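Accompanying notes for the structure given below.
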Amino acid sequence: SAGDHAVGAVPCGLGARDTLRLEMGFLLSGQEFDPEENPRTPYEAGIDFAVKLDTEFVGRDALERQREEGVDEKLVGIELLDRGVPRHGYDVTSTEGHVIGSVTSGTMSPTLGDPIALGYLPVDDAEPGTRVGVVVRGSEKRAKVTTTPFVDR
């Protein structure tokens with residue numbers, strides 16, 4: 001019962017946490033970045049607000065260079081226009097069918113009722129509105145790049 005939990009809160013699982021954080025475009029370690037498998041910089045991940053270059057730290061010069069020169073890829077929101085659920089590791093393709101990136105996180109948004117995802121794409125393909133594809137179980141689904149958060153606060 002609600003009385004068993006702090007302030008009437010009800011426990012929920014990792015699935016609920018994951019869909020809610022994805023709807024907001026929040027990153028998850030091990031999904032959107034991983035020091036071993038998928039190292040990314042704050043500039044690629046779109047969290048450069050967390051970078052303060054006015055102090056000395058390991059990697060500062062590389063980040064300053066990236067801030068000045070830009071990045072090759074960046075994390076974007078992706079909304080599927082066709083039926084299908086994007087999942088981690090699924091290919092993202094150009095309109096010509098070339099693989100240009102991959103999904104880092106994806107789900108069916110319970111709030112929107114639409115399939116959504118995050119993924120890294122080349123900067124030239126990362127503009128909101130750009131048409132892309134997501135390969136779901138061997139079938140290419142129409143999709144478009146969008147801004148995050150997917151839902152209004």
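Residue numbers start at 1 in each chain; chains themselves are named A, B, ... in the order of the structure tokens; ligands are numbered from 1 in the order shown.
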
(message) Residues near Val132 (chain A), anyone? I mean within 7 Å using only C-alpha atoms, not counting same-chain ones fewer than 3 positions away, as a PyMOL selection string.
(response) chain A and resi 92-95+142-144

(request) For Ala45 (chain A), list every protein, DNA or RNA residue within 9 Å, evaluated using only C-alpha atoms, and leave out those in the same chain fewer than 5 positions away; present the list as a list in words. (result)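 Non-adjacent residues within range: Leu27, Glu32, Phe33, Arg40, Glu73, Lys74, Leu75, Val76 and Tyr120 of chain A.
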
Can you write just those residues out, N, CA and C atoms, as a CSV table (one decimal), in the first residue's frame?
chain,number,residue,atom,x,y,z
A,27,LEU,N,21.2,11.5,-20.6
A,27,LEU,CA,22.2,10.4,-20.9
A,27,LEU,C,22.3,9.4,-19.8
A,32,GLU,N,24.8,6.0,-23.6
A,32,GLU,CA,25.2,7.1,-24.4
A,32,GLU,C,26.7,7.3,-24.4
A,33,PHE,N,27.4,6.8,-23.4
A,33,PHE,CA,28.8,6.8,-23.4
A,33,PHE,C,29.3,5.7,-22.5
A,40,ARG,N,33.1,9.1,-25.2
A,40,ARG,CA,32.6,10.4,-25.9
A,40,ARG,C,33.0,11.6,-25.0
A,73,GLU,N,30.8,14.1,-34.7
A,73,GLU,CA,29.5,13.5,-34.5
A,73,GLU,C,28.9,14.1,-33.2
A,74,LYS,N,27.6,14.1,-33.2
A,74,LYS,CA,27.0,14.5,-32.0
A,74,LYS,C,25.7,13.7,-31.7
A,75,LEU,N,25.3,13.7,-30.4
A,75,LEU,CA,24.2,13.0,-29.9
A,75,LEU,C,22.9,13.8,-30.3
A,76,VAL,N,22.0,13.0,-30.9
A,76,VAL,CA,20.7,13.7,-31.4
A,76,VAL,C,19.5,12.8,-30.9
A,120,TYR,N,24.3,8.8,-32.0
A,120,TYR,CA,25.3,9.7,-32.5
A,120,TYR,C,25.3,9.7,-34.0

(request) Extract, using only C-alpha atoms, all DNA, RNA and protein residues at most 8 Å from region 64-72 of chain A, discarding same-chain residues fewer than 2 positions from it, and format them as a list in words. (result) Tyr43, Glu44, Leu53, Arg60, Asp61, Ala62, Lys74, Pro122 and Val123 of chain A

(message) Could you list, as a list in words, every residue within 10 Å of Asp114 (chain A), counting only C-alpha atoms and ignoring same-chain residues fewer than 2 positions away?
(response)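 Near Asp114 (chain A), the qualifying residues are Glu79, Leu80, Leu81, Asp82, Arg83, Gly84, Val85, Thr107, Met108, Ser109, Pro110, Thr111, Leu112 and Ile116 of chain A.
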
Please save N, CA, C and O atoms of the selected residues as a PDB file, in the first residue's frame.
ATOM      1  N   GLU A  79      13.183  10.393 -33.935  1.00  0.00           N
ATOM      2  CA  GLU A  79      11.775   9.980 -33.817  1.00  0.00           C
ATOM      3  C   GLU A  79      11.429   9.117 -35.018  1.00  0.00           C
ATOM      4  O   GLU A  79      11.603   9.544 -36.163  1.00  0.00           O
ATOM      5  N   LEU A  80      10.962   7.898 -34.778  1.00  0.00           N
ATOM      6  CA  LEU A  80      10.549   7.041 -35.873  1.00  0.00           C
ATOM      7  C   LEU A  80       9.219   7.506 -36.422  1.00  0.00           C
ATOM      8  O   LEU A  80       8.316   7.871 -35.664  1.00  0.00           O
ATOM      9  N   LEU A  81       9.102   7.485 -37.745  1.00  0.00           N
ATOM     10  CA  LEU A  81       7.864   7.850 -38.423  1.00  0.00           C
ATOM     11  C   LEU A  81       7.060   6.606 -38.791  1.00  0.00           C
ATOM     12  O   LEU A  81       5.877   6.704 -39.089  1.00  0.00           O
ATOM     13  N   ASP A  82       7.723   5.453 -38.807  1.00  0.00           N
ATOM     14  CA  ASP A  82       7.081   4.169 -39.073  1.00  0.00           C
ATOM     15  C   ASP A  82       6.969   3.379 -37.774  1.00  0.00           C
ATOM     16  O   ASP A  82       7.642   3.690 -36.788  1.00  0.00           O
ATOM     17  N   ARG A  83       6.156   2.327 -37.807  1.00  0.00           N
ATOM     18  CA  ARG A  83       6.024   1.456 -36.636  1.00  0.00           C
ATOM     19  C   ARG A  83       7.309   0.674 -36.413  1.00  0.00           C
ATOM     20  O   ARG A  83       7.953   0.245 -37.356  1.00  0.00           O
ATOM     21  N   GLY A  84       7.671   0.491 -35.163  1.00  0.00           N
ATOM     22  CA  GLY A  84       8.876  -0.242 -34.793  1.00  0.00           C
ATOM     23  C   GLY A  84       9.474   0.395 -33.558  1.00  0.00           C
ATOM     24  O   GLY A  84       9.226   1.573 -33.287  1.00  0.00           O
ATOM     25  N   VAL A  85      10.228  -0.382 -32.816  1.00  0.00           N
ATOM     26  CA  VAL A  85      10.837   0.143 -31.594  1.00  0.00           C
ATOM     27  C   VAL A  85      12.348   0.114 -31.747  1.00  0.00           C
ATOM     28  O   VAL A  85      12.942  -0.952 -31.892  1.00  0.00           O
ATOM     29  N   THR A 107      13.171   3.457 -27.288  1.00  0.00           N
ATOM     30  CA  THR A 107      11.999   2.878 -26.632  1.00  0.00           C
ATOM     31  C   THR A 107      10.735   3.382 -27.317  1.00  0.00           C
ATOM     32  O   THR A 107      10.781   4.271 -28.161  1.00  0.00           O
ATOM     33  N   MET A 108       9.615   2.840 -26.905  1.00  0.00           N
ATOM     34  CA  MET A 108       8.318   3.393 -27.261  1.00  0.00           C
ATOM     35  C   MET A 108       7.969   4.366 -26.149  1.00  0.00           C
ATOM     36  O   MET A 108       7.870   3.968 -24.989  1.00  0.00           O
ATOM     37  N   SER A 109       7.816   5.628 -26.478  1.00  0.00           N
ATOM     38  CA  SER A 109       7.523   6.641 -25.473  1.00  0.00           C
ATOM     39  C   SER A 109       6.090   6.472 -24.966  1.00  0.00           C
ATOM     40  O   SER A 109       5.149   6.631 -25.745  1.00  0.00           O
ATOM     41  N   PRO A 110       5.923   6.176 -23.675  1.00  0.00           N
ATOM     42  CA  PRO A 110       4.561   6.044 -23.153  1.00  0.00           C
ATOM     43  C   PRO A 110       3.817   7.384 -23.134  1.00  0.00           C
ATOM     44  O   PRO A 110       2.605   7.417 -23.285  1.00  0.00           O
ATOM     45  N   THR A 111       4.541   8.473 -23.003  1.00  0.00           N
ATOM     46  CA  THR A 111       3.911   9.796 -22.975  1.00  0.00           C
ATOM     47  C   THR A 111       3.455  10.231 -24.359  1.00  0.00           C
ATOM     48  O   THR A 111       2.345  10.732 -24.526  1.00  0.00           O
ATOM     49  N   LEU A 112       4.298  10.023 -25.366  1.00  0.00           N
ATOM     50  CA  LEU A 112       4.002  10.463 -26.727  1.00  0.00           C
ATOM     51  C   LEU A 112       3.273   9.410 -27.549  1.00  0.00           C
ATOM     52  O   LEU A 112       2.617   9.742 -28.530  1.00  0.00           O
ATOM     53  N   ILE A 116      10.985   6.531 -29.959  1.00  0.00           N
ATOM     54  CA  ILE A 116      12.016   7.561 -29.887  1.00  0.00           C
ATOM     55  C   ILE A 116      13.363   6.921 -29.580  1.00  0.00           C
ATOM     56  O   ILE A 116      13.426   5.804 -29.056  1.00  0.00           O
TER      57      ILE A 116
END

(message) Taking 2 positions as the minimum chain separation for residues in the same chain, which residues sit within 12 Å of Gly30 (chain A) when counting only C-alpha atoms? Answer as number ranges by chain.
(response) A: 27-28, 32-40, 88, 104-105

Writing out the chosen residues with C-alpha atoms as an mmCIF file, in the first residue's frame:
data_model
loop_
_atom_site.group_PDB
_atom_site.id
_atom_site.type_symbol
_atom_site.label_atom_id
_atom_site.label_comp_id
_atom_site.auth_asym_id
_atom_site.auth_seq_id
_atom_site.Cartn_x
_atom_site.Cartn_y
_atom_site.Cartn_z
ATOM 1 C CA LEU A 27 22.167 10.422 -20.935
ATOM 2 C CA LEU A 28 22.872 7.123 -19.232
ATOM 3 C CA GLU A 32 25.186 7.084 -24.444
ATOM 4 C CA PHE A 33 28.821 6.838 -23.373
ATOM 5 C CA ASP A 34 31.135 4.235 -21.909
ATOM 6 C CA PRO A 35 34.808 4.823 -21.089
ATOM 7 C CA GLU A 36 35.775 1.458 -22.605
ATOM 8 C CA GLU A 37 33.251 0.695 -25.362
ATOM 9 C CA ASN A 38 32.033 4.134 -26.473
ATOM 10 C CA PRO A 39 34.155 6.987 -25.097
ATOM 11 C CA ARG A 40 32.577 10.365 -25.860
ATOM 12 C CA HIS A 88 20.509 0.074 -28.426
ATOM 13 C CA THR A 104 22.421 4.364 -28.096
ATOM 14 C CA SER A 105 18.999 4.172 -26.391
#
